[in-house]
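Below is one structure, written out as structure tokens, with a few remarks after it.
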Amino acid sequence: MTGPPTAVRRTARGRARGAAIAAFVVLAATVPAAAGASGTQQIDAALPYVCLFPSGRHAATVRISAALPERVAAGEPIEPADVTTTLVLPEPAVADLSALHAAGVRAATGLTVGVTQGEATAEATWRGGTEPTPLPPTGPLTLTATGDVPTVTGQSAGELTLTARDFALDLTLTTADGGAPDPASVTVDCTLAEDAPDGGILADVEVGTDEEDDPGTPSGSPSGSPSGTPSASGTPGQPGEEPTDRPGGHAPKVTEPGRRGVAADRPAPTCKYDEKYPAGPMSLNAYITGYSNVNKLDGAALIPPFCTLITQGEPQFVFFPDYSGATITQHSTADLYHQQRKQTQPFEATFLTFDFTPTTATMVLEQTGLMTIDSHGTTDFVFTSTDTYVRAPLVLRVTSLKVNGTPLDVGKKCRTKASLASPEPEPAKFPGDHLVLHGRGEQTTGQPATGYLLLSGGPLTGKVTIPAFTGCGTADGEDLDRLLTAAVSGPDNYVKQIQGQTCFVSADVLNPDECTDDAQPRKIPVAER
């Protein structure tokens with residue numbers, strides 16, 4: 001899972017990425033972008049959204065402010081500055097959170113921003129985060145989110161347009177004593193309202209100076225809109241990609257902030273070895289978080305940070321005949337661990353079942369067998385590349401269910417009939433149903449790693465089939481197996497999980513950049529869609 005140990009250890013650092021936040025009902029109407037200081041335009045726009053809360057749909061307004069250049073030279077990145085999202089949770093949404101025994105909240109949002117230049121399109125995600133905020137006893141809750149956002153670089157001369165699109169809100173809940181309620185998080189998805197002024201356009205930036213522009217060629221104008229992005233996936237317009245098969249040439253280049261992967265500074269469950277699960281000589285621990293699409297519901301469930309205890313295997317090297325490099329293999333094992341059980345903490349998600357009924361489910365992922373982590377790579381002792389496969393047999397258990405605000409008794413044994421199942425690249429070697437996630441990492445000695453490595457973490461992706469449900473309902477109540485199976489079960493659900501930097505708990509002296517004083521992971525990753 002790693003390159004040579006010396007190289008990997010040099011990357012023992014967190015990755016960072018600003019967390020994002022979310023929102024609702026704010027003040028003010030859309031204010032056209034106005035020129036501030038010379039060469040700078042100010043965005044101050046209040047846009048209408050429709051958001052799905054546990055109690056149903058609510059109209060909401062998201063106010064976005066930022067500073068952008070009016071014009072940049074060809075090839076010069078457009079870097080939004082002073083980006084702030086102001087939002088107000090309406091009173092019914094606050095009541096939903098209070099009903100979950102929450103006393104405070106920290107919000108993270110992701111605003112999808114469409115980027116168009118002529119016919120070429122891309123998408124960026126503007127993420128932000130709020131400070132912990134107490135819930136008011138009555139009335140709405142105002143939150144203000146800030147964060148670093150990606151830069152955008154036009155690939156040709158002409159007008160480049162930024163347009164607000166979908167908005168995602170993840171709320172991390174805390175109780176009055178600072179603990180986490182059950183569930184510990186709520187996910188809310190918002191769609192730009194059809195009556196949004198100018199279709200949600202935030203700003204236009206001219207790319208190329210007057211001298212650089214061809215006077216005989218008019219600057220490109222936006223036409224159409226970027227293709228939508230799946231809830232958890234960045235399949236079209238993935239940041240950093242430059243698709244060349246779109247009309248109009250290269251898509252604008254989207255570059256994420258350089259702080260990717262640093263701790264999210266969000267509440268997370270305890271993650272440490274104990275008397276029931278003692279540490280060994282090669283013990284690591286790490287937090288993982290991310291999203292899982294549910295295709296039938298056209299949405300994604302946030303899986304909040306959960307604890308993973310890892311026993312790192314010894315890397316095996318096979319040298320090339322001329323000793324110019326080597327192949328590396330490594331086999332490690334792991335377990336989920338929450339309150340001395342092999343499972344995630346409970347998490348909650350709200351969807352529209354059958355396109356019109358708000359349904360809120362509290363769920364847990366339970367591990368039913370050994371989790372394995374296998375990697376294979378090559379190195380020339382300067383550059384190392386590694387492919388890693390994480391395999392985990394997991395069942396999805398539903399602990400509570402509300403349909404249109406009405407609680408339904410699912411009983412104590414409501415779960416999928418079998419493990420979540422992914423396509424297996426080596427079925428003979430790894431039989432049976434299990435989740436498969438893949439990560440690829442690269443590293444040049446002395447430089448930060450990119451992608452996924454076991455020690456430094458990173459993104460893991462895959463697709464999963466959600467099996468049919470069984471045991472849902474009570475003996476004297478309604479059988480809910482068919483309802484859940486019809487609404488949720490099915491194939492090809494995209495999963496994207498982000499593992500944080502590991503803590504090597506077996507070290508004689510804990511690395512303070514990786515571990516807390518009580519040997520928990522210091523870095524808490526941020527979910528990415």
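Residues in the structure tokens are named by chain (A, B, ... in the order shown) and by number from 1 within that chain; ligands are numbered from 1 in the order shown.
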
Would you pick out the contacts of region 189-195 of chain A at 8 Å or less, using only C-alpha atoms, so that residues sharing its chain but fewer than 4 positions from it are not included, and give the list as a PDB file with all heavy atoms, in the first residue's frame?
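The resulting file, selection.pdb, is reproduced below:
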ATOM      1  N   LEU A  47     -29.407  33.742  -3.936  1.00  0.00           N
ATOM      2  CA  LEU A  47     -30.061  32.867  -4.906  1.00  0.00           C
ATOM      3  C   LEU A  47     -31.054  31.937  -4.223  1.00  0.00           C
ATOM      4  O   LEU A  47     -30.771  31.393  -3.159  1.00  0.00           O
ATOM      5  CB  LEU A  47     -29.006  32.040  -5.649  1.00  0.00           C
ATOM      6  CG  LEU A  47     -27.977  32.838  -6.451  1.00  0.00           C
ATOM      7  CD1 LEU A  47     -26.951  31.892  -7.056  1.00  0.00           C
ATOM      8  CD2 LEU A  47     -28.658  33.652  -7.545  1.00  0.00           C
ATOM      9  N   PRO A  48     -32.221  31.723  -4.842  1.00  0.00           N
ATOM     10  CA  PRO A  48     -33.232  30.838  -4.256  1.00  0.00           C
ATOM     11  C   PRO A  48     -32.924  29.369  -4.533  1.00  0.00           C
ATOM     12  O   PRO A  48     -32.538  29.006  -5.651  1.00  0.00           O
ATOM     13  CB  PRO A  48     -34.517  31.272  -4.970  1.00  0.00           C
ATOM     14  CG  PRO A  48     -34.052  31.764  -6.315  1.00  0.00           C
ATOM     15  CD  PRO A  48     -32.697  32.381  -6.078  1.00  0.00           C
ATOM     16  N   TYR A  49     -33.094  28.536  -3.516  1.00  0.00           N
ATOM     17  CA  TYR A  49     -32.898  27.091  -3.629  1.00  0.00           C
ATOM     18  C   TYR A  49     -34.099  26.363  -3.034  1.00  0.00           C
ATOM     19  O   TYR A  49     -34.864  26.934  -2.238  1.00  0.00           O
ATOM     20  CB  TYR A  49     -31.631  26.654  -2.893  1.00  0.00           C
ATOM     21  CG  TYR A  49     -30.359  26.866  -3.677  1.00  0.00           C
ATOM     22  CD1 TYR A  49     -29.765  28.124  -3.725  1.00  0.00           C
ATOM     23  CD2 TYR A  49     -29.758  25.821  -4.364  1.00  0.00           C
ATOM     24  CE1 TYR A  49     -28.595  28.329  -4.447  1.00  0.00           C
ATOM     25  CE2 TYR A  49     -28.598  26.024  -5.089  1.00  0.00           C
ATOM     26  CZ  TYR A  49     -28.024  27.277  -5.128  1.00  0.00           C
ATOM     27  OH  TYR A  49     -26.874  27.463  -5.853  1.00  0.00           O
ATOM     28  N   VAL A  50     -34.253  25.108  -3.414  1.00  0.00           N
ATOM     29  CA  VAL A  50     -35.232  24.206  -2.792  1.00  0.00           C
ATOM     30  C   VAL A  50     -34.436  23.072  -2.148  1.00  0.00           C
ATOM     31  O   VAL A  50     -33.683  22.359  -2.833  1.00  0.00           O
ATOM     32  CB  VAL A  50     -36.233  23.648  -3.813  1.00  0.00           C
ATOM     33  CG1 VAL A  50     -37.197  22.676  -3.135  1.00  0.00           C
ATOM     34  CG2 VAL A  50     -37.012  24.790  -4.471  1.00  0.00           C
ATOM     35  N   CYS A  51     -34.583  22.926  -0.808  1.00  0.00           N
ATOM     36  CA  CYS A  51     -33.756  21.984  -0.050  1.00  0.00           C
ATOM     37  C   CYS A  51     -34.627  20.930   0.620  1.00  0.00           C
ATOM     38  O   CYS A  51     -35.742  21.221   1.095  1.00  0.00           O
ATOM     39  CB  CYS A  51     -32.941  22.725   1.004  1.00  0.00           C
ATOM     40  SG  CYS A  51     -31.848  23.994   0.308  1.00  0.00           S
ATOM     41  N   LEU A  52     -34.106  19.720   0.674  1.00  0.00           N
ATOM     42  CA  LEU A  52     -34.836  18.598   1.260  1.00  0.00           C
ATOM     43  C   LEU A  52     -34.330  18.315   2.662  1.00  0.00           C
ATOM     44  O   LEU A  52     -33.222  17.817   2.843  1.00  0.00           O
ATOM     45  CB  LEU A  52     -34.692  17.355   0.383  1.00  0.00           C
ATOM     46  CG  LEU A  52     -35.396  16.098   0.888  1.00  0.00           C
ATOM     47  CD1 LEU A  52     -36.898  16.318   0.968  1.00  0.00           C
ATOM     48  CD2 LEU A  52     -35.093  14.914  -0.014  1.00  0.00           C
ATOM     49  N   ALA A 164     -23.826  29.448 -10.480  1.00  0.00           N
ATOM     50  CA  ALA A 164     -24.161  28.615  -9.321  1.00  0.00           C
ATOM     51  C   ALA A 164     -25.088  27.495  -9.745  1.00  0.00           C
ATOM     52  O   ALA A 164     -26.025  27.705 -10.527  1.00  0.00           O
ATOM     53  CB  ALA A 164     -24.828  29.460  -8.240  1.00  0.00           C
ATOM     54  N   ARG A 165     -24.829  26.290  -9.196  1.00  0.00           N
ATOM     55  CA  ARG A 165     -25.675  25.140  -9.500  1.00  0.00           C
ATOM     56  C   ARG A 165     -26.084  24.473  -8.187  1.00  0.00           C
ATOM     57  O   ARG A 165     -26.479  25.161  -7.244  1.00  0.00           O
ATOM     58  CB  ARG A 165     -24.949  24.194 -10.445  1.00  0.00           C
ATOM     59  CG  ARG A 165     -24.536  24.887 -11.750  1.00  0.00           C
ATOM     60  CD  ARG A 165     -24.288  23.917 -12.872  1.00  0.00           C
ATOM     61  NE  ARG A 165     -23.869  24.615 -14.089  1.00  0.00           N
ATOM     62  CZ  ARG A 165     -24.686  25.274 -14.896  1.00  0.00           C
ATOM     63  NH1 ARG A 165     -25.980  25.349 -14.615  1.00  0.00           N
ATOM     64  NH2 ARG A 165     -24.235  25.874 -15.979  1.00  0.00           N
ATOM     65  N   ASP A 166     -26.025  23.154  -8.094  1.00  0.00           N
ATOM     66  CA  ASP A 166     -26.509  22.455  -6.901  1.00  0.00           C
ATOM     67  C   ASP A 166     -25.721  22.848  -5.661  1.00  0.00           C
ATOM     68  O   ASP A 166     -24.552  23.246  -5.741  1.00  0.00           O
ATOM     69  CB  ASP A 166     -26.435  20.939  -7.100  1.00  0.00           C
ATOM     70  CG  ASP A 166     -27.435  20.437  -8.126  1.00  0.00           C
ATOM     71  OD1 ASP A 166     -28.355  21.194  -8.462  1.00  0.00           O
ATOM     72  OD2 ASP A 166     -27.276  19.300  -8.599  1.00  0.00           O
ATOM     73  N   PHE A 167     -26.378  22.699  -4.523  1.00  0.00           N
ATOM     74  CA  PHE A 167     -25.771  23.080  -3.253  1.00  0.00           C
ATOM     75  C   PHE A 167     -25.978  21.940  -2.265  1.00  0.00           C
ATOM     76  O   PHE A 167     -27.091  21.441  -2.117  1.00  0.00           O
ATOM     77  CB  PHE A 167     -26.438  24.352  -2.744  1.00  0.00           C
ATOM     78  CG  PHE A 167     -25.759  24.980  -1.561  1.00  0.00           C
ATOM     79  CD1 PHE A 167     -24.581  25.671  -1.712  1.00  0.00           C
ATOM     80  CD2 PHE A 167     -26.303  24.868  -0.298  1.00  0.00           C
ATOM     81  CE1 PHE A 167     -23.948  26.265  -0.633  1.00  0.00           C
ATOM     82  CE2 PHE A 167     -25.687  25.448   0.788  1.00  0.00           C
ATOM     83  CZ  PHE A 167     -24.514  26.150   0.623  1.00  0.00           C
ATOM     84  N   ALA A 168     -24.917  21.485  -1.616  1.00  0.00           N
ATOM     85  CA  ALA A 168     -24.993  20.362  -0.673  1.00  0.00           C
ATOM     86  C   ALA A 168     -24.624  20.838   0.720  1.00  0.00           C
ATOM     87  O   ALA A 168     -23.676  21.605   0.897  1.00  0.00           O
ATOM     88  CB  ALA A 168     -24.057  19.240  -1.101  1.00  0.00           C
ATOM     89  N   LEU A 169     -25.376  20.368   1.699  1.00  0.00           N
ATOM     90  CA  LEU A 169     -25.173  20.769   3.089  1.00  0.00           C
ATOM     91  C   LEU A 169     -24.981  19.541   3.967  1.00  0.00           C
ATOM     92  O   LEU A 169     -25.803  18.638   3.963  1.00  0.00           O
ATOM     93  CB  LEU A 169     -26.392  21.556   3.571  1.00  0.00           C
ATOM     94  CG  LEU A 169     -26.530  21.824   5.064  1.00  0.00           C
ATOM     95  CD1 LEU A 169     -25.414  22.732   5.548  1.00  0.00           C
ATOM     96  CD2 LEU A 169     -27.879  22.431   5.374  1.00  0.00           C
ATOM     97  N   GLY A 199     -30.533  32.606 -14.216  1.00  0.00           N
ATOM     98  CA  GLY A 199     -30.149  31.199 -14.175  1.00  0.00           C
ATOM     99  C   GLY A 199     -29.018  30.899 -13.216  1.00  0.00           C
ATOM    100  O   GLY A 199     -28.365  29.872 -13.329  1.00  0.00           O
ATOM    101  N   GLY A 200     -28.772  31.819 -12.241  1.00  0.00           N
ATOM    102  CA  GLY A 200     -27.728  31.586 -11.247  1.00  0.00           C
ATOM    103  C   GLY A 200     -26.359  32.093 -11.647  1.00  0.00           C
ATOM    104  O   GLY A 200     -25.370  31.799 -10.968  1.00  0.00           O
ATOM    105  N   GLY A 299     -29.554  10.635  -5.266  1.00  0.00           N
ATOM    106  CA  GLY A 299     -28.927  11.402  -4.197  1.00  0.00           C
ATOM    107  C   GLY A 299     -27.739  10.652  -3.647  1.00  0.00           C
ATOM    108  O   GLY A 299     -27.359   9.585  -4.145  1.00  0.00           O
TER     109      GLY A 299
END

Residues flagged strand (DSSP E or B) by DSSP in region 47-136 of chain A, as a ChimeraX atom specification
/A:47-53,56-69,71-72,78,81-89,104-117,120-129,133-134

Which residues are close to Thr130 (chain A), i.e. within 8 Å by only C-alpha atoms, leaving aside same-chain residues fewer than 5 positions away? Reply as a PyMOL selection string.
chain A and resi 21+106-108+143-146

How about saving the chosen residues, N, CA, C and O atoms kept, as a compact mmCIF listing (two decimals), in the first residue's frame?
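After the write, result37.txt holds the following:
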# COMPACT_ATOMS: atom_id res chain seq x y z
N ILE A 21 -19.86 24.38 3.41
CA ILE A 21 -21.07 24.42 4.19
C ILE A 21 -22.30 24.78 3.47
O ILE A 21 -22.31 24.78 2.33
N ARG A 106 -22.20 22.21 13.41
CA ARG A 106 -21.16 22.76 12.53
C ARG A 106 -21.55 22.35 11.12
O ARG A 106 -21.90 21.19 10.88
N ALA A 107 -21.51 23.29 10.19
CA ALA A 107 -21.99 23.02 8.84
C ALA A 107 -20.84 22.99 7.85
O ALA A 107 -19.86 23.71 7.98
N ALA A 108 -21.00 22.16 6.83
CA ALA A 108 -20.05 22.09 5.71
C ALA A 108 -20.86 22.04 4.43
O ALA A 108 -21.84 21.31 4.35
N LEU A 143 -25.96 31.06 9.71
CA LEU A 143 -24.61 30.51 9.67
C LEU A 143 -23.81 31.24 8.60
O LEU A 143 -24.34 31.63 7.57
N THR A 144 -22.53 31.40 8.83
CA THR A 144 -21.65 32.02 7.84
C THR A 144 -20.47 31.09 7.58
O THR A 144 -19.76 30.70 8.51
N ALA A 145 -20.30 30.74 6.33
CA ALA A 145 -19.26 29.79 5.95
C ALA A 145 -18.19 30.47 5.12
O ALA A 145 -18.47 31.31 4.28
N THR A 146 -16.95 30.08 5.35
CA THR A 146 -15.83 30.57 4.56
C THR A 146 -14.93 29.40 4.20
O THR A 146 -14.97 28.35 4.85

State, in Å with one decimal place, the distance from CA of Leu309 (chain A) to CA of Gln339 (chain A).
12.6 Å

List as a tab-separated table every residue of region 251-370 of chain A that is in contact with region 482-505 of chain A, defined as an atom at most 8 Å from one of its atoms (using only C-alpha atoms), together with the nearest atom pair and the distance in Å rounded to one decimal, sorted by chain and then rising number.
residue	atom	partner	partner_atom	distance
A:Gly261	CA	A:Gly500	CA	7.1
A:Ala263	CA	A:Gly500	CA	8.0
A:Ala279	CA	A:Val505	CA	7.5
A:Met282	CA	A:Phe504	CA	7.6
A:Ser283	CA	A:Val505	CA	5.9
A:Leu284	CA	A:Phe504	CA	4.7
A:Asn285	CA	A:Cys503	CA	5.4
A:Ala286	CA	A:Thr502	CA	4.7
A:Tyr287	CA	A:Gly500	CA	5.5
A:Ile288	CA	A:Gln499	CA	4.3
A:Thr289	CA	A:Ile498	CA	5.4
A:Gly290	CA	A:Gln497	CA	4.1
A:Tyr291	CA	A:Lys496	CA	5.5
A:Ser292	CA	A:Val495	CA	4.4
A:Asn293	CA	A:Asn493	CA	5.2
A:Val294	CA	A:Asn493	CA	5.7
A:Asn295	CA	A:Asn493	CA	5.8
A:Lys296	CA	A:Val488	CA	5.9
A:Leu297	CA	A:Val488	CA	7.0
A:Thr353	CA	A:Ala487	CA	6.1
A:Phe354	CA	A:Ala487	CA	7.0

Polymer residues at most 12 Å from Val398 (chain A), only C-alpha atoms, same-chain spacing of 6 or more positions, as a ChimeraX atom specification:
/A:183,346-349,360-366,408-416,469-473,480-481,484-485,488

Tell me which protein, DNA and RNA residues are within 7 Å of Phe53 (chain A), counting only C-alpha atoms, leaving out same-chain ones fewer than 4 positions away, and put them as a PyMOL selection string.
chain A and resi 57+93+188+350

Selection near Pro512 (chain A), 8 Å with only C-alpha atoms, sequence-local residues under 4 positions removed, as a ChimeraX atom specification:
/A:516-517,522

Using C-alpha atoms, can you export the residues from the last selection as a JSON list (two decimals), in the first residue's frame?
[["chain", "number", "residue", "atom", "x", "y", "z"],
["A", 516, "THR", "CA", -3.04, 13.13, 19.38],
["A", 517, "ASP", "CA", -1.47, 12.70, 22.81],
["A", 522, "ARG", "CA", -4.96, 13.89, 14.43]]

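The spacing separating CA of Asp380 (chain A) from CA of Phe320 (chain A) amounts to 9.5 Å.
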
Please provide the set of residues having any atom within 8 Å of region 202-208 of chain A, restricted to only C-alpha atoms, with same-chain residues fewer than 3 positions apart removed, written as a ChimeraX atom specification.
/A:33,43,45,68-74,154,156-164,211-213

For the residues in the current selection, export N, CA, C and O atoms as a PDB file, in the first residue's frame.
ATOM      1  N   ALA A  33     -22.931  42.111 -10.221  1.00  0.00           N
ATOM      2  CA  ALA A  33     -21.509  42.280  -9.925  1.00  0.00           C
ATOM      3  C   ALA A  33     -21.114  43.707 -10.247  1.00  0.00           C
ATOM      4  O   ALA A  33     -21.369  44.204 -11.331  1.00  0.00           O
ATOM      5  N   ILE A  43     -18.836  39.958  -6.199  1.00  0.00           N
ATOM      6  CA  ILE A  43     -20.072  39.174  -6.291  1.00  0.00           C
ATOM      7  C   ILE A  43     -20.822  39.342  -4.977  1.00  0.00           C
ATOM      8  O   ILE A  43     -20.245  39.205  -3.900  1.00  0.00           O
ATOM      9  N   ALA A  45     -24.609  37.908  -4.317  1.00  0.00           N
ATOM     10  CA  ALA A  45     -25.822  37.352  -4.907  1.00  0.00           C
ATOM     11  C   ALA A  45     -26.560  36.486  -3.903  1.00  0.00           C
ATOM     12  O   ALA A  45     -25.951  35.664  -3.230  1.00  0.00           O
ATOM     13  N   LEU A  68     -13.582  38.792  -7.630  1.00  0.00           N
ATOM     14  CA  LEU A  68     -13.004  38.168  -8.817  1.00  0.00           C
ATOM     15  C   LEU A  68     -12.378  39.237  -9.706  1.00  0.00           C
ATOM     16  O   LEU A  68     -12.850  40.385  -9.729  1.00  0.00           O
ATOM     17  N   PRO A  69     -11.355  38.886 -10.466  1.00  0.00           N
ATOM     18  CA  PRO A  69     -10.827  39.858 -11.433  1.00  0.00           C
ATOM     19  C   PRO A  69     -11.824  40.069 -12.568  1.00  0.00           C
ATOM     20  O   PRO A  69     -12.590  39.173 -12.921  1.00  0.00           O
ATOM     21  N   GLU A  70     -11.819  41.287 -13.119  1.00  0.00           N
ATOM     22  CA  GLU A  70     -12.666  41.536 -14.286  1.00  0.00           C
ATOM     23  C   GLU A  70     -12.064  40.925 -15.540  1.00  0.00           C
ATOM     24  O   GLU A  70     -12.777  40.532 -16.452  1.00  0.00           O
ATOM     25  N   ARG A  71     -10.736  40.858 -15.579  1.00  0.00           N
ATOM     26  CA  ARG A  71     -10.038  40.363 -16.770  1.00  0.00           C
ATOM     27  C   ARG A  71      -8.738  39.708 -16.339  1.00  0.00           C
ATOM     28  O   ARG A  71      -8.098  40.159 -15.382  1.00  0.00           O
ATOM     29  N   VAL A  72      -8.348  38.639 -17.012  1.00  0.00           N
ATOM     30  CA  VAL A  72      -7.052  38.006 -16.780  1.00  0.00           C
ATOM     31  C   VAL A  72      -6.389  37.748 -18.118  1.00  0.00           C
ATOM     32  O   VAL A  72      -7.057  37.673 -19.161  1.00  0.00           O
ATOM     33  N   ALA A  73      -5.083  37.614 -18.095  1.00  0.00           N
ATOM     34  CA  ALA A  73      -4.357  37.262 -19.312  1.00  0.00           C
ATOM     35  C   ALA A  73      -4.617  35.805 -19.664  1.00  0.00           C
ATOM     36  O   ALA A  73      -4.973  34.989 -18.802  1.00  0.00           O
ATOM     37  N   ALA A  74      -4.448  35.458 -20.906  1.00  0.00           N
ATOM     38  CA  ALA A  74      -4.631  34.079 -21.333  1.00  0.00           C
ATOM     39  C   ALA A  74      -3.688  33.171 -20.549  1.00  0.00           C
ATOM     40  O   ALA A  74      -2.494  33.458 -20.427  1.00  0.00           O
ATOM     41  N   GLY A 154      -8.955  29.574 -17.966  1.00  0.00           N
ATOM     42  CA  GLY A 154      -9.491  29.403 -19.312  1.00  0.00           C
ATOM     43  C   GLY A 154      -8.410  28.890 -20.255  1.00  0.00           C
ATOM     44  O   GLY A 154      -7.242  29.283 -20.153  1.00  0.00           O
ATOM     45  N   SER A 156      -8.476  29.258 -23.517  1.00  0.00           N
ATOM     46  CA  SER A 156      -8.408  30.070 -24.732  1.00  0.00           C
ATOM     47  C   SER A 156      -8.904  31.459 -24.380  1.00  0.00           C
ATOM     48  O   SER A 156      -9.356  31.708 -23.266  1.00  0.00           O
ATOM     49  N   ALA A 157      -8.815  32.382 -25.317  1.00  0.00           N
ATOM     50  CA  ALA A 157      -9.309  33.737 -25.092  1.00  0.00           C
ATOM     51  C   ALA A 157     -10.828  33.758 -25.217  1.00  0.00           C
ATOM     52  O   ALA A 157     -11.423  32.964 -25.943  1.00  0.00           O
ATOM     53  N   GLY A 158     -11.443  34.683 -24.487  1.00  0.00           N
ATOM     54  CA  GLY A 158     -12.890  34.809 -24.556  1.00  0.00           C
ATOM     55  C   GLY A 158     -13.516  34.856 -23.181  1.00  0.00           C
ATOM     56  O   GLY A 158     -12.871  34.561 -22.168  1.00  0.00           O
ATOM     57  N   GLU A 159     -14.762  35.229 -23.118  1.00  0.00           N
ATOM     58  CA  GLU A 159     -15.458  35.399 -21.845  1.00  0.00           C
ATOM     59  C   GLU A 159     -15.684  34.058 -21.147  1.00  0.00           C
ATOM     60  O   GLU A 159     -16.126  33.089 -21.758  1.00  0.00           O
ATOM     61  N   LEU A 160     -15.377  34.029 -19.865  1.00  0.00           N
ATOM     62  CA  LEU A 160     -15.580  32.832 -19.045  1.00  0.00           C
ATOM     63  C   LEU A 160     -16.654  33.161 -18.005  1.00  0.00           C
ATOM     64  O   LEU A 160     -16.579  34.191 -17.326  1.00  0.00           O
ATOM     65  N   THR A 161     -17.655  32.298 -17.891  1.00  0.00           N
ATOM     66  CA  THR A 161     -18.812  32.554 -17.028  1.00  0.00           C
ATOM     67  C   THR A 161     -18.878  31.547 -15.897  1.00  0.00           C
ATOM     68  O   THR A 161     -18.710  30.342 -16.120  1.00  0.00           O
ATOM     69  N   LEU A 162     -19.113  32.038 -14.674  1.00  0.00           N
ATOM     70  CA  LEU A 162     -19.303  31.197 -13.491  1.00  0.00           C
ATOM     71  C   LEU A 162     -20.773  31.227 -13.100  1.00  0.00           C
ATOM     72  O   LEU A 162     -21.356  32.309 -12.952  1.00  0.00           O
ATOM     73  N   THR A 163     -21.365  30.041 -12.913  1.00  0.00           N
ATOM     74  CA  THR A 163     -22.792  29.932 -12.627  1.00  0.00           C
ATOM     75  C   THR A 163     -23.026  29.004 -11.444  1.00  0.00           C
ATOM     76  O   THR A 163     -22.481  27.895 -11.403  1.00  0.00           O
ATOM     77  N   ALA A 164     -23.826  29.448 -10.480  1.00  0.00           N
ATOM     78  CA  ALA A 164     -24.161  28.615  -9.321  1.00  0.00           C
ATOM     79  C   ALA A 164     -25.088  27.495  -9.745  1.00  0.00           C
ATOM     80  O   ALA A 164     -26.025  27.705 -10.527  1.00  0.00           O
ATOM     81  N   GLU A 211      -4.837  43.260 -26.466  1.00  0.00           N
ATOM     82  CA  GLU A 211      -3.798  42.996 -27.459  1.00  0.00           C
ATOM     83  C   GLU A 211      -3.755  41.534 -27.852  1.00  0.00           C
ATOM     84  O   GLU A 211      -3.417  41.176 -28.963  1.00  0.00           O
ATOM     85  N   GLU A 212      -4.123  40.644 -26.883  1.00  0.00           N
ATOM     86  CA  GLU A 212      -4.025  39.215 -27.154  1.00  0.00           C
ATOM     87  C   GLU A 212      -5.216  38.711 -27.939  1.00  0.00           C
ATOM     88  O   GLU A 212      -5.139  37.741 -28.665  1.00  0.00           O
ATOM     89  N   ASP A 213      -6.381  39.371 -27.767  1.00  0.00           N
ATOM     90  CA  ASP A 213      -7.573  38.905 -28.450  1.00  0.00           C
ATOM     91  C   ASP A 213      -7.479  39.178 -29.941  1.00  0.00           C
ATOM     92  O   ASP A 213      -6.983  40.207 -30.391  1.00  0.00           O
TER      93      ASP A 213
END

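Between Ser185 (chain A) and the residues A:Gly457, A:Gly446, A:Pro304, A:Gly118, the shortest atom-to-atom distance, using only C-alpha atoms, involves A:Pro304.
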
Taking only C-alpha atoms into account, produce a table as a Markdown table in which each residue of region 321-383 of chain A with an atom at most 10 Å from an atom of region 270-274 of chain A appears once, together with its shortest atom pair and the distance in Å to one decimal, ordered by chain and rising number.
| residue | atom | partner | partner_atom | distance |
| --- | --- | --- | --- | --- |
| A:Leu336 | CA | A:Cys271 | CA | 9.6 |
| A:Tyr337 | CA | A:Cys271 | CA | 7.3 |
| A:His338 | CA | A:Thr270 | CA | 7.5 |
| A:Gln339 | CA | A:Thr270 | CA | 8.0 |
| A:Gln340 | CA | A:Asp274 | CA | 8.5 |
